[in-house]
Amino acid sequence: MKKIIVKGGKKLSGEVSISSAKNAVLPIIAASILNGEKTTIIDAPMLQDVFVITDVLKSINADINIDRINKKIVIDTSKVISGEPDSELVRKMRASFLIMGPMIARFGRFKISLPGGCNIGSRPIDLHLKGFTSLGAQVSFGYGHVEAYASKLIGNKIYLDFPSVGATENIMMAAVLAEGETVIENAAGEPEVQDLAEFLNSMGAQVSGAGTDTIRITGVKELRSTSYKPIPDRIEAGTFMVAAAITKSKLRINGAREEHLNPIIAKLREIGVCMEKGENSIIVDGDNEFKHVDIKTMPYPGFPTDMQAQMMSLLSIVEGTSIITETIFENRFMHAGELKRMGANIKIDGRSAIIEGVERLTGSEVKATDLRAGAALILAGLAADGYTKIGDIYHIDRGYVSIEEKFLSLGADITRIEE
Ligand code: UD1
């Protein structure tokens with residue numbers, strides 16, 4: 001079993017380049033089904049989740065070429081069939097469900113296993129299905145799978161009860177080939193949703209308003225081949241910003257886009273971290289006095305749930321009481337138990353975590369309970385006394401490109417071992 005070992009206490013320095021966003025590229029790969037032609041993704045992040053979704057597409061006959069060295073993925077969906085994708089792959093990753101919208105749009109029918117994914121709450125798909133139904137699809141459930149059929153999708157007005165990222169994306173993808181206009185109200189406004197809209201428009205779709213709470217899609221008859229470079233990963237950037245803070249170091253984060261990082265920048269500033277904008281980068285200086293803060297995760301532009309665990313690691317060693325309230329997922333505090341093994345003083349009360357800052361964390365043997373929890377444990381390990389050994393790191397590889405190489409280049413003492 002692979003593990004990451006971090007020896008804490010070293011100052012970091014230098015610069016790190018942010019890879020393209022996992023959460024942007026996954027829906028983009030799903031959307032490549034829509035044109036039935038060739039799609040080229042430039043600067044694609046070479047991540048496990050990306051390999052899983054490309055395998056899902058291969059299982060329905062897409063022809064995919066991944067050039068790991070040049071970070072280029074070429075997808076040809078001309079021979080895709082309307083069959084059921086490999087259920088084991090679909091259950092492995094929730095984002096696989098993002099192919100449902102494109103498949104109904106292109107073939108008028110689709111059957112898929114119910115999705116799996118990170119262990120962070122029940123994560124239903126009712127809003128996705130509500131959207132498909134509003135567009136005229138008939139949806140039914142069987143043992144462990146869901147099926148949709150539509151002789152024709154027709155644009156409609158869809159109000160989402162919650163601005164779900166995945167539902168907004170899936171409905172948007174279903175609607176681009178539907179007849180007439182679709183309006184998604186209370187839509188998610190995350191940068192990754194905006195990026196998907198840009199990608200769809202680059203294929204000839206007519207999507208406007210992405211990034212606001214109302215997205216309008218005018219259906220087109222067909223889409224064309226395209227080449228696209230996804231946005232940089234704001235969560236990876238945020239993770240390295242916290243790395244600078246937790247090690248009291250100065251780092252340049254190349255590719256970090258301030259406009260996508262406002263809620264994270266605002267919270268880090270409130271804590272006392274200094275930040276300035278460089279050329280296509282953000283310079284973070286953590287060598288300062290810190291003060292405790294409260295954080296509430298919210299849909300964009302609120303504080304992202306995907307940065308909650310990393311902030312908990314930082315606040316664990318900031319004097320005073322900080323409270324983190326998680327409003328997006330109902331079971332996303334599993335990292336608190338692991339941080340407690342490292343000496344953190346955290347109590348969970350329903351959807352809130354009450355963190356009493358301690359002077360130091362101590363290295364310990366811990367487990368990555370999900371993707372961002374794993375990143376949080378690396379961060380905690382960088383600041384802890386002695387060695388931190390992190391298990392179940394396959395979670396980390398799902399969403400961080402070459403994480404230990406990137407930290408090594410900044411001067412961290414970090415290795416991956418096989419045990
Ligand atoms: C996406 C991100 C994930 C991030 C999350 C919230 C991808 C691949 N993943 O996940 O990293 O943590 O956004 O920013 O982009 N919900 C429903 N019904 C639905 C769909 C969602 O009730 O049909 C609920 C979920 O249970 C959850 C909340 O809505 O409580 C947010 O989920 P959603 O925004 O859909 O997250 P994902 O798209 O799964």
# chains A, B, ... in the order shown; residues from 1 in each chain; ligands from 1
>>> select_by_dssp(residues="region 85-334 of chain A", states="helix (DSSP H, G or I)", output="ChimeraX atom specification")
/A:87-92,94-107,126-134,165-175,191-202,234-246,258-271,305-315,334
>>> write_last_selection(atoms="C-alpha atoms", output="PDB file, in the first residue's frame")
ATOM      1  CA  SER A  87     -20.780   0.058 -13.945  1.00  0.00           C
ATOM      2  CA  GLU A  88     -17.696  -0.529 -11.815  1.00  0.00           C
ATOM      3  CA  LEU A  89     -16.068   2.617 -13.212  1.00  0.00           C
ATOM      4  CA  VAL A  90     -19.241   4.628 -12.770  1.00  0.00           C
ATOM      5  CA  ARG A  91     -19.559   3.585  -9.135  1.00  0.00           C
ATOM      6  CA  LYS A  92     -15.922   4.539  -8.561  1.00  0.00           C
ATOM      7  CA  ARG A  94     -19.594  10.333  -8.906  1.00  0.00           C
ATOM      8  CA  ALA A  95     -18.595  12.672 -11.732  1.00  0.00           C
ATOM      9  CA  SER A  96     -19.157   9.765 -14.170  1.00  0.00           C
ATOM     10  CA  PHE A  97     -22.829  10.635 -13.865  1.00  0.00           C
ATOM     11  CA  LEU A  98     -22.052  13.810 -15.836  1.00  0.00           C
ATOM     12  CA  ILE A  99     -22.216  11.768 -19.036  1.00  0.00           C
ATOM     13  CA  MET A 100     -25.949  11.256 -18.566  1.00  0.00           C
ATOM     14  CA  GLY A 101     -26.952  14.719 -19.871  1.00  0.00           C
ATOM     15  CA  PRO A 102     -24.793  14.469 -23.008  1.00  0.00           C
ATOM     16  CA  MET A 103     -25.906  10.884 -23.691  1.00  0.00           C
ATOM     17  CA  ILE A 104     -29.639  11.682 -23.483  1.00  0.00           C
ATOM     18  CA  ALA A 105     -29.058  14.755 -25.654  1.00  0.00           C
ATOM     19  CA  ARG A 106     -27.241  12.764 -28.325  1.00  0.00           C
ATOM     20  CA  PHE A 107     -29.098   9.430 -28.312  1.00  0.00           C
ATOM     21  CA  ASP A 126     -32.615  14.194  -7.718  1.00  0.00           C
ATOM     22  CA  LEU A 127     -31.855  17.663  -9.134  1.00  0.00           C
ATOM     23  CA  HIS A 128     -30.100  16.221 -12.178  1.00  0.00           C
ATOM     24  CA  LEU A 129     -33.113  14.001 -12.850  1.00  0.00           C
ATOM     25  CA  LYS A 130     -35.591  16.811 -12.223  1.00  0.00           C
ATOM     26  CA  GLY A 131     -33.801  18.743 -14.948  1.00  0.00           C
ATOM     27  CA  PHE A 132     -33.910  15.881 -17.457  1.00  0.00           C
ATOM     28  CA  THR A 133     -37.605  15.339 -16.711  1.00  0.00           C
ATOM     29  CA  SER A 134     -38.342  19.038 -17.285  1.00  0.00           C
ATOM     30  CA  VAL A 165     -22.742  22.193  -9.503  1.00  0.00           C
ATOM     31  CA  GLY A 166     -23.232  18.758 -11.057  1.00  0.00           C
ATOM     32  CA  ALA A 167     -26.955  19.231 -11.737  1.00  0.00           C
ATOM     33  CA  THR A 168     -26.354  22.630 -13.367  1.00  0.00           C
ATOM     34  CA  GLU A 169     -23.672  21.102 -15.600  1.00  0.00           C
ATOM     35  CA  ASN A 170     -25.643  17.980 -16.498  1.00  0.00           C
ATOM     36  CA  ILE A 171     -28.777  19.966 -17.378  1.00  0.00           C
ATOM     37  CA  MET A 172     -26.751  22.507 -19.347  1.00  0.00           C
ATOM     38  CA  MET A 173     -25.204  19.682 -21.396  1.00  0.00           C
ATOM     39  CA  ALA A 174     -28.583  18.034 -21.988  1.00  0.00           C
ATOM     40  CA  ALA A 175     -30.087  21.343 -23.083  1.00  0.00           C
ATOM     41  CA  PRO A 191     -15.919  28.989 -12.219  1.00  0.00           C
ATOM     42  CA  GLU A 192     -15.999  25.362 -13.428  1.00  0.00           C
ATOM     43  CA  VAL A 193     -19.628  25.835 -14.551  1.00  0.00           C
ATOM     44  CA  GLN A 194     -18.533  28.954 -16.435  1.00  0.00           C
ATOM     45  CA  ASP A 195     -15.673  27.029 -18.004  1.00  0.00           C
ATOM     46  CA  LEU A 196     -18.003  24.269 -19.174  1.00  0.00           C
ATOM     47  CA  ALA A 197     -20.236  26.907 -20.795  1.00  0.00           C
ATOM     48  CA  GLU A 198     -17.198  28.370 -22.570  1.00  0.00           C
ATOM     49  CA  PHE A 199     -16.237  24.909 -23.755  1.00  0.00           C
ATOM     50  CA  LEU A 200     -19.762  24.186 -25.020  1.00  0.00           C
ATOM     51  CA  ASN A 201     -19.821  27.528 -26.827  1.00  0.00           C
ATOM     52  CA  SER A 202     -16.477  26.688 -28.431  1.00  0.00           C
ATOM     53  CA  ARG A 234      -8.552  27.105  -7.758  1.00  0.00           C
ATOM     54  CA  ILE A 235      -8.628  24.402  -5.068  1.00  0.00           C
ATOM     55  CA  GLU A 236      -5.083  23.274  -5.810  1.00  0.00           C
ATOM     56  CA  ALA A 237      -4.041  26.956  -5.731  1.00  0.00           C
ATOM     57  CA  GLY A 238      -5.853  27.414  -2.408  1.00  0.00           C
ATOM     58  CA  THR A 239      -4.141  24.319  -1.008  1.00  0.00           C
ATOM     59  CA  PHE A 240      -0.685  25.757  -1.808  1.00  0.00           C
ATOM     60  CA  MET A 241      -1.748  29.122  -0.354  1.00  0.00           C
ATOM     61  CA  VAL A 242      -2.544  27.356   2.906  1.00  0.00           C
ATOM     62  CA  ALA A 243       0.788  25.518   2.635  1.00  0.00           C
ATOM     63  CA  ALA A 244       2.559  28.901   2.661  1.00  0.00           C
ATOM     64  CA  ALA A 245       0.505  30.001   5.654  1.00  0.00           C
ATOM     65  CA  ILE A 246       0.891  26.839   7.723  1.00  0.00           C
ATOM     66  CA  GLU A 258      -7.483  36.010  -8.111  1.00  0.00           C
ATOM     67  CA  GLU A 259     -11.020  36.342  -9.473  1.00  0.00           C
ATOM     68  CA  HIS A 260     -11.667  32.656  -8.721  1.00  0.00           C
ATOM     69  CA  LEU A 261     -10.005  32.743  -5.322  1.00  0.00           C
ATOM     70  CA  ASN A 262     -11.677  35.746  -3.667  1.00  0.00           C
ATOM     71  CA  PRO A 263     -13.370  33.877  -0.801  1.00  0.00           C
ATOM     72  CA  ILE A 264     -10.152  31.984   0.020  1.00  0.00           C
ATOM     73  CA  ILE A 265      -7.994  35.117  -0.229  1.00  0.00           C
ATOM     74  CA  ALA A 266     -10.422  37.042   1.991  1.00  0.00           C
ATOM     75  CA  LYS A 267     -10.326  34.381   4.733  1.00  0.00           C
ATOM     76  CA  LEU A 268      -6.554  33.987   4.617  1.00  0.00           C
ATOM     77  CA  ARG A 269      -6.183  37.798   4.886  1.00  0.00           C
ATOM     78  CA  GLU A 270      -8.536  37.794   7.877  1.00  0.00           C
ATOM     79  CA  ILE A 271      -6.271  35.196   9.500  1.00  0.00           C
ATOM     80  CA  THR A 305     -16.394  23.278   0.761  1.00  0.00           C
ATOM     81  CA  ASP A 306     -13.408  21.830  -1.112  1.00  0.00           C
ATOM     82  CA  MET A 307     -11.091  24.124   0.920  1.00  0.00           C
ATOM     83  CA  GLN A 308     -12.707  23.437   4.283  1.00  0.00           C
ATOM     84  CA  ALA A 309     -10.420  20.584   5.388  1.00  0.00           C
ATOM     85  CA  GLN A 310      -7.225  22.458   4.446  1.00  0.00           C
ATOM     86  CA  MET A 311      -8.372  25.496   6.457  1.00  0.00           C
ATOM     87  CA  MET A 312      -9.092  23.240   9.419  1.00  0.00           C
ATOM     88  CA  SER A 313      -5.455  22.111   9.416  1.00  0.00           C
ATOM     89  CA  LEU A 314      -4.313  25.731   9.471  1.00  0.00           C
ATOM     90  CA  LEU A 315      -6.771  26.835  12.165  1.00  0.00           C
ATOM     91  CA  MET A 334     -13.887  13.034   8.854  1.00  0.00           C
TER      92      MET A 334
END
>>> residues_around(residues="Lys152 (chain A)", least_positions_apart="5", cutoff="9 Å", atoms="only C-alpha atoms", output="PyMOL selection string")
chain A and resi 105+108+135-137+178-179
>>> write_last_selection(atoms="N, CA and C atoms", output="JSON list (two decimals), in the first residue's frame")
[["chain", "number", "residue", "atom", "x", "y", "z"],
["A", 105, "ALA", "N", -28.97, 13.75, -24.59],
["A", 105, "ALA", "CA", -29.06, 14.76, -25.65],
["A", 105, "ALA", "C", -28.72, 14.14, -27.01],
["A", 108, "GLY", "N", -31.05, 10.17, -27.04],
["A", 108, "GLY", "CA", -32.46, 10.08, -26.63],
["A", 108, "GLY", "C", -32.74, 8.96, -25.65],
["A", 135, "LEU", "N", -37.00, 18.62, -19.24],
["A", 135, "LEU", "CA", -36.68, 18.74, -20.68],
["A", 135, "LEU", "C", -37.44, 17.68, -21.50],
["A", 136, "GLY", "N", -38.24, 16.88, -20.82],
["A", 136, "GLY", "CA", -39.10, 15.93, -21.54],
["A", 136, "GLY", "C", -38.66, 14.48, -21.46],
["A", 137, "ALA", "N", -37.64, 14.18, -20.65],
["A", 137, "ALA", "CA", -37.20, 12.78, -20.55],
["A", 137, "ALA", "C", -38.07, 12.02, -19.55],
["A", 178, "ALA", "N", -31.19, 20.50, -27.22],
["A", 178, "ALA", "CA", -32.66, 20.42, -27.12],
["A", 178, "ALA", "C", -33.30, 21.44, -28.06],
["A", 179, "GLU", "N", -34.58, 21.25, -28.29],
["A", 179, "GLU", "CA", -35.29, 22.20, -29.17],
["A", 179, "GLU", "C", -35.71, 23.43, -28.35]]
>>> atom_distance(atom1="CA of Gly386 (chain A)", atom2="CA of Val6 (chain A)")
8.2 Å
>>> closest_residue(among="A:Ser281, A:Ser322, A:Asn331, A:Ser140", to="ligand 1", atoms="only C-alpha atoms and all ligand atoms")
A:Asn331
>>> residues_around(residues="Lys71 (chain A)", least_positions_apart="3", cutoff="10 Å", atoms="only C-alpha atoms", output="count of residues only")
9
>>> residues_around(residues="Lys10 (chain A)", least_positions_apart="5", cutoff="12 Å", atoms="only C-alpha atoms", output="PyMOL selection string")
chain A and resi 243-244+246-249+379+381-387+407-408+410-414
>>> write_last_selection(atoms="N, CA and C atoms", output="compact mmCIF listing (two decimals), in the first residue's frame")
# COMPACT_ATOMS: atom_id res chain seq x y z
N ALA A 243 -0.54 26.08 2.34
CA ALA A 243 0.79 25.52 2.64
C ALA A 243 1.75 26.63 3.03
N ALA A 244 1.69 27.77 2.31
CA ALA A 244 2.56 28.90 2.66
C ALA A 244 2.23 29.39 4.07
N ILE A 246 0.68 27.78 6.61
CA ILE A 246 0.89 26.84 7.72
C ILE A 246 2.38 26.63 8.02
N THR A 247 3.23 26.90 7.02
CA THR A 247 4.68 26.75 7.24
C THR A 247 5.35 28.12 7.41
N LYS A 248 4.53 29.17 7.49
CA LYS A 248 5.05 30.54 7.67
C LYS A 248 6.07 30.89 6.59
N SER A 249 5.76 30.50 5.37
CA SER A 249 6.70 30.67 4.26
C SER A 249 6.16 31.63 3.21
N LEU A 379 -0.80 19.08 4.61
CA LEU A 379 -0.55 20.43 5.15
C LEU A 379 -0.24 20.37 6.64
N GLY A 381 0.93 17.86 8.24
CA GLY A 381 2.23 17.20 8.39
C GLY A 381 3.39 18.16 8.16
N LEU A 382 3.21 19.12 7.24
CA LEU A 382 4.27 20.09 6.95
C LEU A 382 4.59 20.96 8.18
N ALA A 383 3.55 21.15 9.02
CA ALA A 383 3.73 22.03 10.18
C ALA A 383 3.99 21.26 11.46
N ALA A 384 3.80 19.93 11.42
CA ALA A 384 3.87 19.14 12.66
C ALA A 384 5.30 18.82 13.06
N ASP A 385 5.48 18.50 14.34
CA ASP A 385 6.76 17.99 14.82
C ASP A 385 6.91 16.55 14.36
N GLY A 386 8.03 16.21 13.79
CA GLY A 386 8.31 14.81 13.45
C GLY A 386 7.61 14.35 12.18
N TYR A 387 7.39 13.04 12.10
CA TYR A 387 6.92 12.42 10.85
C TYR A 387 5.42 12.15 10.87
N PHE A 407 5.55 19.67 -3.84
CA PHE A 407 6.01 20.09 -2.50
C PHE A 407 7.52 19.94 -2.36
N LEU A 408 8.08 18.87 -2.95
CA LEU A 408 9.54 18.69 -2.91
C LEU A 408 10.26 19.88 -3.52
N LEU A 410 9.41 22.77 -3.54
CA LEU A 410 9.33 23.95 -2.66
C LEU A 410 10.19 23.76 -1.40
N GLY A 411 10.85 22.61 -1.32
CA GLY A 411 11.75 22.38 -0.19
C GLY A 411 11.15 21.53 0.93
N ALA A 412 9.98 20.97 0.71
CA ALA A 412 9.37 20.14 1.76
C ALA A 412 10.08 18.81 1.85
N ASP A 413 10.00 18.21 3.02
CA ASP A 413 10.56 16.87 3.22
C ASP A 413 9.39 15.89 3.10
N ILE A 414 9.20 15.36 1.91
CA ILE A 414 8.01 14.53 1.64
C ILE A 414 8.39 13.38 0.70
>>> residues_around(residues="Glu279 (chain A)", least_positions_apart="5", cutoff="10 Å", atoms="only C-alpha atoms", output="ChimeraX atom specification")
/A:254-256
>>> write_last_selection(atoms="all heavy atoms", output="compact mmCIF listing (two decimals), in the first residue's frame")
# COMPACT_ATOMS: atom_id res chain seq x y z
N ASN A 254 1.90 30.15 -9.25
CA ASN A 254 1.74 30.53 -10.66
C ASN A 254 0.44 29.98 -11.25
O ASN A 254 0.14 28.80 -11.06
CB ASN A 254 2.92 30.01 -11.49
CG ASN A 254 4.21 30.73 -11.14
OD1 ASN A 254 4.20 31.93 -10.82
ND2 ASN A 254 5.32 30.02 -11.16
N GLY A 255 -0.26 30.83 -11.94
CA GLY A 255 -1.50 30.40 -12.59
C GLY A 255 -2.73 30.63 -11.71
O GLY A 255 -3.85 30.48 -12.19
N ALA A 256 -2.50 30.97 -10.44
CA ALA A 256 -3.65 31.20 -9.55
C ALA A 256 -4.41 32.42 -10.03
O ALA A 256 -3.80 33.47 -10.28
CB ALA A 256 -3.17 31.40 -8.12
>>> select_by_dssp(residues="region 17-69 of chain A", states="strand (DSSP E)", output="list in words")
Ser17, Lys38, Thr39, Thr40, Ile41, Asp63, Ile64, Asn65, Ile66 and Asp67 of chain A
>>> write_last_selection(atoms="N, CA and C atoms", output="PDB file, in the first residue's frame")
ATOM      1  N   SER A  17       3.557  25.723  -9.961  1.00  0.00           N
ATOM      2  CA  SER A  17       2.584  25.979 -11.033  1.00  0.00           C
ATOM      3  C   SER A  17       1.335  25.140 -10.833  1.00  0.00           C
ATOM      4  N   LYS A  38     -14.180  15.133 -32.903  1.00  0.00           N
ATOM      5  CA  LYS A  38     -12.928  15.152 -32.154  1.00  0.00           C
ATOM      6  C   LYS A  38     -12.883  16.355 -31.206  1.00  0.00           C
ATOM      7  N   THR A  39     -12.421  16.107 -29.982  1.00  0.00           N
ATOM      8  CA  THR A  39     -12.200  17.185 -29.022  1.00  0.00           C
ATOM      9  C   THR A  39     -10.774  17.061 -28.516  1.00  0.00           C
ATOM     10  N   THR A  40     -10.062  18.180 -28.494  1.00  0.00           N
ATOM     11  CA  THR A  40      -8.698  18.156 -27.960  1.00  0.00           C
ATOM     12  C   THR A  40      -8.659  18.981 -26.690  1.00  0.00           C
ATOM     13  N   ILE A  41      -8.157  18.375 -25.620  1.00  0.00           N
ATOM     14  CA  ILE A  41      -8.017  19.116 -24.362  1.00  0.00           C
ATOM     15  C   ILE A  41      -6.536  19.380 -24.144  1.00  0.00           C
ATOM     16  N   ASP A  63     -12.969   6.854 -28.676  1.00  0.00           N
ATOM     17  CA  ASP A  63     -11.577   6.592 -28.974  1.00  0.00           C
ATOM     18  C   ASP A  63     -10.767   7.714 -28.305  1.00  0.00           C
ATOM     19  N   ILE A  64      -9.896   7.336 -27.367  1.00  0.00           N
ATOM     20  CA  ILE A  64      -9.227   8.374 -26.573  1.00  0.00           C
ATOM     21  C   ILE A  64      -7.725   8.183 -26.568  1.00  0.00           C
ATOM     22  N   ASN A  65      -7.026   9.280 -26.820  1.00  0.00           N
ATOM     23  CA  ASN A  65      -5.582   9.231 -26.782  1.00  0.00           C
ATOM     24  C   ASN A  65      -5.072  10.207 -25.718  1.00  0.00           C
ATOM     25  N   ILE A  66      -4.366   9.651 -24.738  1.00  0.00           N
ATOM     26  CA  ILE A  66      -3.848  10.511 -23.665  1.00  0.00           C
ATOM     27  C   ILE A  66      -2.334  10.621 -23.814  1.00  0.00           C
ATOM     28  N   ASP A  67      -1.873  11.829 -24.084  1.00  0.00           N
ATOM     29  CA  ASP A  67      -0.438  12.085 -24.205  1.00  0.00           C
ATOM     30  C   ASP A  67       0.019  12.698 -22.871  1.00  0.00           C
TER      31      ASP A  67
END
>>> closest_residue(among="A:Ala31, A:Ile60, A:Ile158, A:Leu26", to="ligand 1", atoms="only C-alpha atoms and all ligand atoms")
A:Leu26
>>> closest_residue(among="A:Val80, A:Val358, A:Ile417, A:Leu339", to="Ala380 (chain A)", atoms="only C-alpha atoms")
A:Leu339
>>> closest_residue(among="A:Arg398, A:Lys221, A:Arg257, A:Arg332", to="Val50 (chain A)", atoms="only C-alpha atoms")
A:Arg398
>>> closest_residue(among="A:Ile328, A:Val52, A:Ile390, A:Ile5", to="ligand 1", atoms="only C-alpha atoms and all ligand atoms")
A:Ile328
>>> closest_residue(among="A:Phe162, A:Phe290, A:Phe303, A:Phe333", to="ligand 1", atoms="only C-alpha atoms and all ligand atoms")
A:Phe162
>>> residues_around(residues="Asn345 (chain A)", least_positions_apart="6", cutoff="12 Å", atoms="only C-alpha atoms", output="PyMOL selection string")
chain A and resi 312-313+315-323+336-339+353-361
>>> atom_distance(atom1="CA of Thr415 (chain A)", atom2="CA of Asp370 (chain A)")
19.6 Å
>>> residues_around(residues="Lys2 (chain A)", least_positions_apart="5", cutoff="9 Å", atoms="only C-alpha atoms", output="ChimeraX atom specification")
/A:390-394,416-419
>>> write_last_selection(atoms="N, CA and C atoms", output="tab-separated table (two decimals), in the first residue's frame")
chain	number	residue	atom	x	y	z
A	390	ILE	N	0.80	9.19	5.98
A	390	ILE	CA	-0.59	9.27	5.50
A	390	ILE	C	-0.93	8.05	4.64
A	391	GLY	N	-1.98	7.36	5.02
A	391	GLY	CA	-2.43	6.19	4.27
A	391	GLY	C	-3.63	6.54	3.39
A	392	ASP	N	-4.06	5.57	2.58
A	392	ASP	CA	-5.20	5.75	1.65
A	392	ASP	C	-5.00	6.95	0.72
A	393	ILE	N	-3.76	7.08	0.24
A	393	ILE	CA	-3.45	8.28	-0.56
A	393	ILE	C	-4.01	8.22	-1.98
A	394	TYR	N	-4.67	7.10	-2.32
A	394	TYR	CA	-5.32	7.07	-3.64
A	394	TYR	C	-6.35	8.20	-3.74
A	416	ARG	N	6.99	9.37	-1.02
A	416	ARG	CA	5.94	8.36	-1.19
A	416	ARG	C	6.61	7.00	-1.01
A	417	ILE	N	6.01	6.17	-0.21
A	417	ILE	CA	6.61	4.84	0.00
A	417	ILE	C	5.60	3.75	-0.30
A	418	GLU	N	6.11	2.57	-0.53
A	418	GLU	CA	5.25	1.39	-0.73
A	418	GLU	C	5.43	0.55	0.52
A	419	GLU	N	4.31	0.23	1.20
A	419	GLU	CA	4.47	-0.53	2.45
A	419	GLU	C	3.88	-1.90	2.36
